[in-house]
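Comments concern the structure below.
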Amino acid sequence: MPSPLCSRLIPAYFPALSFMPTEDQIDLFSLGDVALTQASSDFNPDDIPTSARVPIPPGTYSSMEQMQAHCNQCFRCDLGKTRTHAVIGRGNPKAPIMIVGEGPGQNEDETGIAFVGKAGQLLDKILASVNLTEEDVFICNVVKCRPPGNRAPTKDEAEACKGYLLEQIRMVNPKIILLTGATALKGLLGITQGITKVRGQWIEQGDRLYMPIFHPAYLLRNPSREKGSPKWLMWQDIQAVRARLDELQAAGKV
Ligand code: SF4
């Protein structure tokens with residue numbers, strides 16, 4: 001039986017999905033399953049940072065600061081053993097656009113601020129090129145603690161931290177979510193296709209629009225601006241995002 005949530009996906013927004021294997025299509029809707037996780041009668045929120053087996057039910061947190069306190073004492077995965085600071089995010093906690101990256105790097109771990117290294121600076125420039133500021137976006141990551149050596153987070157680490165990310169999405173309530181890189185795409189929507197195949201495509205799920213985009217760190221490694229290059233493609237994508245936000249604002253939806 002197909003998931004009832006399937007009807008919420010508009011294929012025209014995401015034609016690449018029609019080529020996805022069945023298993024990937026099922027994974028795509030894992031977001032809804034997790035969001036519906038309910039706490040048992042003996043649920044104690046103070047236990048959340050102690051084990052990934054403790055659920056993070058929707059509505060657990062009323063502010064980013066409250067969640068940050070838990071993340072800074074969290075050992076739901078082993079990344080807690082080596083972090084300096086948990087990195088929750090930066091920007092407007094009521095922004096219409098959320099940007100989800102992979103995980104904190106060294107600068108972020110040291111400062112506790114998201115996307116402050118070279119990749120973050122490039123991201124800010126990309127946003128500024130279409131007049132998007134920190135008022136328009138909230139920027140965060142799939143995992144809140146730095147993976148050693150800047151490796152990609154493992155599946156277990158992403159799963160352990162996913163409840164925090166879902167709470168951030170609930171609190172910010174963005175209309176548009178940009179998934180920067182394959183880890184965010186897989187960690188949030190369960191899509192395992194390469195980012196180069198799906199970037200720039202809109203996915204509608206619930207009342208939100210998702211778009212996979214290149215990670216700015218990838219753009220730093222590919223500086224060409226020629227037509228068809230990653231930077232050129234990012235320019236197309238961010239203009240599409242700006243246009244969609246303008247449409248939503250004109251319609252009074254944000
Ligand atoms: S990465 Fe997330 S789940 Fe893992 S210790 Fe840090 S806050 Fe907890």
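By order in the structure tokens, chains are A, B, ...; within a chain, residues start at 1; ligands start at 1, following the order shown.
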With the cut-off set at 12 Å and counting only C-alpha atoms, tabulate each residue of segment 90-152 of chain A with an atom at most that distance from an atom of segment 73-77 of chain A, showing the nearest atom pair and its distance in Å to one decimal, ordered by chain and increasing number, as a tab-separated table.
```
residue	atom	partner	partner_atom	distance
A:Val143	CA	A:Cys77	CA	9.8
A:Lys144	CA	A:Cys74	CA	9.7
A:Cys145	CA	A:Cys74	CA	9.3
A:Arg146	CA	A:Cys77	CA	11.3
A:Pro147	CA	A:Cys77	CA	10.6
```
Could you dump the residues just selected with N, CA and C atoms as a PDB file, in the first residue's frame?
```pdb
ATOM      1  N   VAL A 143      23.641  17.104  12.138  1.00  0.00           N
ATOM      2  CA  VAL A 143      24.143  16.783  13.482  1.00  0.00           C
ATOM      3  C   VAL A 143      24.661  18.060  14.136  1.00  0.00           C
ATOM      4  N   LYS A 144      24.494  18.145  15.438  1.00  0.00           N
ATOM      5  CA  LYS A 144      24.820  19.380  16.162  1.00  0.00           C
ATOM      6  C   LYS A 144      26.247  19.379  16.711  1.00  0.00           C
ATOM      7  N   CYS A 145      26.927  18.249  16.656  1.00  0.00           N
ATOM      8  CA  CYS A 145      28.309  18.165  17.162  1.00  0.00           C
ATOM      9  C   CYS A 145      29.242  17.777  16.020  1.00  0.00           C
ATOM     10  N   ARG A 146      30.480  18.253  16.106  1.00  0.00           N
ATOM     11  CA  ARG A 146      31.427  18.088  15.007  1.00  0.00           C
ATOM     12  C   ARG A 146      31.888  16.640  14.846  1.00  0.00           C
ATOM     13  N   PRO A 147      31.737  16.076  13.652  1.00  0.00           N
ATOM     14  CA  PRO A 147      32.364  14.774  13.389  1.00  0.00           C
ATOM     15  C   PRO A 147      33.881  14.955  13.308  1.00  0.00           C
TER      16      PRO A 147
END
```
Residues up to 12 Å from ligand 1, counting only C-alpha atoms and all ligand atoms: could you list those as a PyMOL selection string?
chain A and resi 47-56+67-88+102-104+109+140-148+152-166
Write the residues of the selection above to a file with C-alpha atoms, as a PDB file, in the first residue's frame.
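Saved the output as result_33.pdb:
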```pdb
ATOM      1  CA  ASP A  47      16.547  11.717  29.700  1.00  0.00           C
ATOM      2  CA  ILE A  48      16.692  12.939  26.072  1.00  0.00           C
ATOM      3  CA  PRO A  49      20.442  13.747  26.077  1.00  0.00           C
ATOM      4  CA  THR A  50      21.340  10.401  27.648  1.00  0.00           C
ATOM      5  CA  SER A  51      20.360   7.911  24.948  1.00  0.00           C
ATOM      6  CA  ALA A  52      19.235   7.760  21.302  1.00  0.00           C
ATOM      7  CA  ARG A  53      16.566   5.299  22.455  1.00  0.00           C
ATOM      8  CA  VAL A  54      14.723   8.123  24.227  1.00  0.00           C
ATOM      9  CA  PRO A  55      12.300   9.748  21.729  1.00  0.00           C
ATOM     10  CA  ILE A  56      12.119  13.498  21.178  1.00  0.00           C
ATOM     11  CA  MET A  67      17.229  22.726  22.956  1.00  0.00           C
ATOM     12  CA  GLN A  68      20.801  24.039  22.952  1.00  0.00           C
ATOM     13  CA  ALA A  69      21.112  23.299  26.666  1.00  0.00           C
ATOM     14  CA  HIS A  70      20.221  19.667  25.971  1.00  0.00           C
ATOM     15  CA  CYS A  71      22.566  19.425  22.966  1.00  0.00           C
ATOM     16  CA  ASN A  72      25.498  20.768  24.973  1.00  0.00           C
ATOM     17  CA  GLN A  73      25.121  17.915  27.452  1.00  0.00           C
ATOM     18  CA  CYS A  74      24.034  15.317  24.886  1.00  0.00           C
ATOM     19  CA  PHE A  75      25.522  11.844  24.453  1.00  0.00           C
ATOM     20  CA  ARG A  76      22.871  10.311  22.210  1.00  0.00           C
ATOM     21  CA  CYS A  77      25.789   9.537  19.888  1.00  0.00           C
ATOM     22  CA  ASP A  78      29.581   9.419  20.248  1.00  0.00           C
ATOM     23  CA  LEU A  79      30.036  12.882  18.713  1.00  0.00           C
ATOM     24  CA  GLY A  80      29.199  14.221  22.164  1.00  0.00           C
ATOM     25  CA  LYS A  81      32.508  12.834  23.478  1.00  0.00           C
ATOM     26  CA  THR A  82      34.673  15.065  21.284  1.00  0.00           C
ATOM     27  CA  ARG A  83      32.665  18.282  20.861  1.00  0.00           C
ATOM     28  CA  THR A  84      33.675  21.642  22.315  1.00  0.00           C
ATOM     29  CA  HIS A  85      30.297  23.279  21.650  1.00  0.00           C
ATOM     30  CA  ALA A  86      27.107  21.907  20.202  1.00  0.00           C
ATOM     31  CA  VAL A  87      26.135  24.073  17.233  1.00  0.00           C
ATOM     32  CA  ILE A  88      22.418  24.715  17.018  1.00  0.00           C
ATOM     33  CA  GLU A 102      25.892  18.393   7.219  1.00  0.00           C
ATOM     34  CA  GLY A 103      27.587  19.077  10.550  1.00  0.00           C
ATOM     35  CA  PRO A 104      29.784  21.628  12.343  1.00  0.00           C
ATOM     36  CA  ASP A 109      32.912  23.617  17.121  1.00  0.00           C
ATOM     37  CA  CYS A 140      21.585  24.615  10.905  1.00  0.00           C
ATOM     38  CA  ASN A 141      22.968  21.102  10.423  1.00  0.00           C
ATOM     39  CA  VAL A 142      21.876  17.470  10.472  1.00  0.00           C
ATOM     40  CA  VAL A 143      24.143  16.783  13.482  1.00  0.00           C
ATOM     41  CA  LYS A 144      24.820  19.380  16.162  1.00  0.00           C
ATOM     42  CA  CYS A 145      28.309  18.165  17.162  1.00  0.00           C
ATOM     43  CA  ARG A 146      31.427  18.088  15.007  1.00  0.00           C
ATOM     44  CA  PRO A 147      32.364  14.774  13.389  1.00  0.00           C
ATOM     45  CA  PRO A 148      36.122  14.303  14.013  1.00  0.00           C
ATOM     46  CA  ALA A 152      30.478  12.965   7.108  1.00  0.00           C
ATOM     47  CA  PRO A 153      28.172  11.947   9.972  1.00  0.00           C
ATOM     48  CA  THR A 154      27.286   8.255  10.079  1.00  0.00           C
ATOM     49  CA  LYS A 155      23.711   7.051   9.608  1.00  0.00           C
ATOM     50  CA  ASP A 156      23.456   6.277  13.345  1.00  0.00           C
ATOM     51  CA  GLU A 157      24.719   9.752  14.298  1.00  0.00           C
ATOM     52  CA  ALA A 158      22.255  11.420  11.936  1.00  0.00           C
ATOM     53  CA  GLU A 159      19.412   9.277  13.291  1.00  0.00           C
ATOM     54  CA  ALA A 160      20.357   9.999  16.921  1.00  0.00           C
ATOM     55  CA  CYS A 161      20.259  13.748  16.229  1.00  0.00           C
ATOM     56  CA  LYS A 162      17.231  13.780  13.909  1.00  0.00           C
ATOM     57  CA  GLY A 163      14.723  14.506  16.658  1.00  0.00           C
ATOM     58  CA  TYR A 164      16.479  17.786  17.422  1.00  0.00           C
ATOM     59  CA  LEU A 165      16.371  18.770  13.746  1.00  0.00           C
ATOM     60  CA  LEU A 166      12.674  17.942  13.530  1.00  0.00           C
TER      61      LEU A 166
END
```
Taking the chain letters and numbering used in this document, name the residues of segment 101-228 of chain A that DSSP puts in strand (DSSP E), as JSON, numbers by chain.
{"A": [101, 137, 138, 139, 140, 141, 176, 177, 178, 179, 180, 203, 204, 205, 208, 209, 210, 211, 212, 213]}
Kindly export the residues of the current selection with C-alpha atoms, as an mmCIF file, in the first residue's frame.
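Saved file result_29.cif follows:
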```
data_model
loop_
_atom_site.group_PDB
_atom_site.id
_atom_site.type_symbol
_atom_site.label_atom_id
_atom_site.label_comp_id
_atom_site.auth_asym_id
_atom_site.auth_seq_id
_atom_site.Cartn_x
_atom_site.Cartn_y
_atom_site.Cartn_z
ATOM 1 C CA GLY A 101 23.891 21.434 6.188
ATOM 2 C CA VAL A 137 17.015 32.290 6.815
ATOM 3 C CA PHE A 138 17.773 29.959 9.699
ATOM 4 C CA ILE A 139 20.916 27.893 9.069
ATOM 5 C CA CYS A 140 21.585 24.615 10.905
ATOM 6 C CA ASN A 141 22.968 21.102 10.423
ATOM 7 C CA ILE A 176 11.161 26.460 2.206
ATOM 8 C CA ILE A 177 13.925 24.087 3.321
ATOM 9 C CA LEU A 178 17.193 23.965 1.385
ATOM 10 C CA LEU A 179 19.178 20.758 1.840
ATOM 11 C CA THR A 180 22.858 21.460 1.275
ATOM 12 C CA ILE A 203 9.920 18.511 -3.434
ATOM 13 C CA GLU A 204 6.600 19.282 -1.762
ATOM 14 C CA GLN A 205 5.958 17.445 1.496
ATOM 15 C CA ARG A 208 6.726 22.754 2.918
ATOM 16 C CA LEU A 209 8.881 22.942 -0.183
ATOM 17 C CA TYR A 210 12.299 21.305 -0.120
ATOM 18 C CA MET A 211 15.130 21.888 -2.572
ATOM 19 C CA PRO A 212 18.464 20.003 -2.595
ATOM 20 C CA ILE A 213 21.397 22.326 -3.408
#
```
Need the shell around Ala182 of chain A: protein/DNA/RNA residues with any atom at most 9 Å away, counting only C-alpha atoms. Skip same-chain ones fewer than 6 positions apart. Format as number ranges by chain?
A: 102, 191-195, 212-215
Write out the residues from the selection above, keeping N, CA and C atoms, as a tab-separated table (two decimals), in the first residue's frame.
```tsv
chain	number	residue	atom	x	y	z
A	102	GLU	N	25.48	19.73	6.78
A	102	GLU	CA	25.89	18.39	7.22
A	102	GLU	C	26.17	18.35	8.72
A	191	ILE	N	16.57	10.40	0.95
A	191	ILE	CA	16.85	10.26	-0.48
A	191	ILE	C	18.34	9.99	-0.68
A	192	THR	N	18.64	8.90	-1.36
A	192	THR	CA	20.04	8.49	-1.50
A	192	THR	C	20.61	8.82	-2.88
A	193	GLN	N	19.82	9.43	-3.74
A	193	GLN	CA	20.35	9.81	-5.05
A	193	GLN	C	21.43	10.86	-4.89
A	194	GLY	N	22.37	10.91	-5.83
A	194	GLY	CA	23.45	11.90	-5.78
A	194	GLY	C	22.89	13.31	-5.88
A	195	ILE	N	23.55	14.22	-5.20
A	195	ILE	CA	23.08	15.61	-5.16
A	195	ILE	C	23.10	16.22	-6.56
A	212	PRO	N	17.06	20.36	-2.79
A	212	PRO	CA	18.46	20.00	-2.59
A	212	PRO	C	19.35	20.98	-3.37
A	213	ILE	N	20.42	21.44	-2.73
A	213	ILE	CA	21.40	22.33	-3.41
A	213	ILE	C	22.81	21.83	-3.06
A	214	PHE	N	23.78	22.30	-3.82
A	214	PHE	CA	25.16	21.93	-3.51
A	214	PHE	C	25.57	22.51	-2.15
A	215	HIS	N	26.46	21.79	-1.47
A	215	HIS	CA	27.04	22.33	-0.24
A	215	HIS	C	28.07	23.39	-0.63
```
Please, which residues of segment 38-203 of chain A, numbered as in this document, come out helix (DSSP H, G or I) from DSSP, as a ChimeraX atom specification?
/A:45-50,64-71,78-81,106-111,118-128,148-150,155-172,182-189,195-198
Quick one: pull the distance between atom CA of Asn222 of chain A and atom CA of Thr133 of chain A, Å, one decimal.
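Interatomic distance here is 24.4 Å.
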Point out the residue among A:Phe115, A:Tyr218, A:Phe43, A:Tyr61 with the least atom-to-atom distance to Thr196 of chain A, counting only C-alpha atoms.
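Checking each candidate against Thr196 of chain A, we get A:Tyr218 as the closest.
Distance annotation: of A:Ile126, A:Met171, A:Leu245, A:Ile113, the residue with the minimal separation from Leu233 of chain A is A:Ile126; atom set is only C-alpha atoms.
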Using Å and a single decimal, report how far atom CA of Gly190 of chain A sits from atom CA of Lys125 of chain A.
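Going from atom CA of Lys125 of chain A over to atom CA of Gly190 of chain A, I get 28.8 Å.
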Residues at most 10 Å from Leu219 of chain A, counting only C-alpha atoms, excluding those fewer than 6 positions away in the same chain, as a list in words?
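Within the cut-off, the hits are Ala119, Leu122, Leu123, Arg225, Ser229, Pro230, Lys231, Trp232 and Met234 of chain A.
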What does the file look like for those residues with C-alpha atoms, as an mmCIF file, in the first residue's frame?
```cif
data_model
loop_
_atom_site.group_PDB
_atom_site.id
_atom_site.type_symbol
_atom_site.label_atom_id
_atom_site.label_comp_id
_atom_site.auth_asym_id
_atom_site.auth_seq_id
_atom_site.Cartn_x
_atom_site.Cartn_y
_atom_site.Cartn_z
ATOM 1 C CA ALA A 119 31.958 27.677 3.433
ATOM 2 C CA LEU A 122 30.459 31.748 0.732
ATOM 3 C CA LEU A 123 26.910 30.765 1.696
ATOM 4 C CA ARG A 225 31.924 30.023 -12.904
ATOM 5 C CA SER A 229 29.623 24.455 -13.489
ATOM 6 C CA PRO A 230 28.498 23.821 -9.866
ATOM 7 C CA LYS A 231 28.754 27.558 -9.068
ATOM 8 C CA TRP A 232 26.699 28.465 -12.111
ATOM 9 C CA MET A 234 23.964 27.203 -7.597
#
```
Distance query Asn131 of chain A at most 12 Å, only C-alpha atoms, self and fewer than 6 positions along chain excluded, as a PDB file with N, CA and C atoms, in the first residue's frame:
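That gives us selection_0.pdb:
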```pdb
ATOM      1  N   ASP A 124      26.845  32.932   2.784  1.00  0.00           N
ATOM      2  CA  ASP A 124      26.312  34.283   3.013  1.00  0.00           C
ATOM      3  C   ASP A 124      26.364  35.125   1.736  1.00  0.00           C
ATOM      4  N   LYS A 125      27.461  34.971   0.973  1.00  0.00           N
ATOM      5  CA  LYS A 125      27.577  35.726  -0.288  1.00  0.00           C
ATOM      6  C   LYS A 125      26.519  35.272  -1.290  1.00  0.00           C
ATOM      7  N   VAL A 137      16.602  33.692   6.745  1.00  0.00           N
ATOM      8  CA  VAL A 137      17.015  32.290   6.815  1.00  0.00           C
ATOM      9  C   VAL A 137      17.357  31.871   8.247  1.00  0.00           C
ATOM     10  N   ILE A 238      19.581  29.403  -6.507  1.00  0.00           N
ATOM     11  CA  ILE A 238      19.259  30.423  -5.493  1.00  0.00           C
ATOM     12  C   ILE A 238      18.313  31.477  -6.086  1.00  0.00           C
ATOM     13  N   GLN A 239      18.421  31.695  -7.394  1.00  0.00           N
ATOM     14  CA  GLN A 239      17.452  32.603  -8.025  1.00  0.00           C
ATOM     15  C   GLN A 239      16.047  31.987  -8.010  1.00  0.00           C
ATOM     16  N   VAL A 241      14.944  29.960  -5.760  1.00  0.00           N
ATOM     17  CA  VAL A 241      14.492  30.058  -4.368  1.00  0.00           C
ATOM     18  C   VAL A 241      13.955  31.467  -4.095  1.00  0.00           C
ATOM     19  N   ARG A 242      14.711  32.472  -4.548  1.00  0.00           N
ATOM     20  CA  ARG A 242      14.281  33.872  -4.354  1.00  0.00           C
ATOM     21  C   ARG A 242      12.908  34.098  -5.013  1.00  0.00           C
ATOM     22  N   ALA A 243      12.767  33.573  -6.240  1.00  0.00           N
ATOM     23  CA  ALA A 243      11.510  33.760  -6.971  1.00  0.00           C
ATOM     24  C   ALA A 243      10.353  33.071  -6.235  1.00  0.00           C
ATOM     25  N   LEU A 245      10.170  32.403  -3.002  1.00  0.00           N
ATOM     26  CA  LEU A 245       9.872  33.155  -1.779  1.00  0.00           C
ATOM     27  C   LEU A 245       9.039  34.392  -2.111  1.00  0.00           C
ATOM     28  N   ASP A 246       9.400  35.078  -3.192  1.00  0.00           N
ATOM     29  CA  ASP A 246       8.622  36.261  -3.606  1.00  0.00           C
ATOM     30  C   ASP A 246       7.171  35.872  -3.890  1.00  0.00           C
TER      31      ASP A 246
END
```
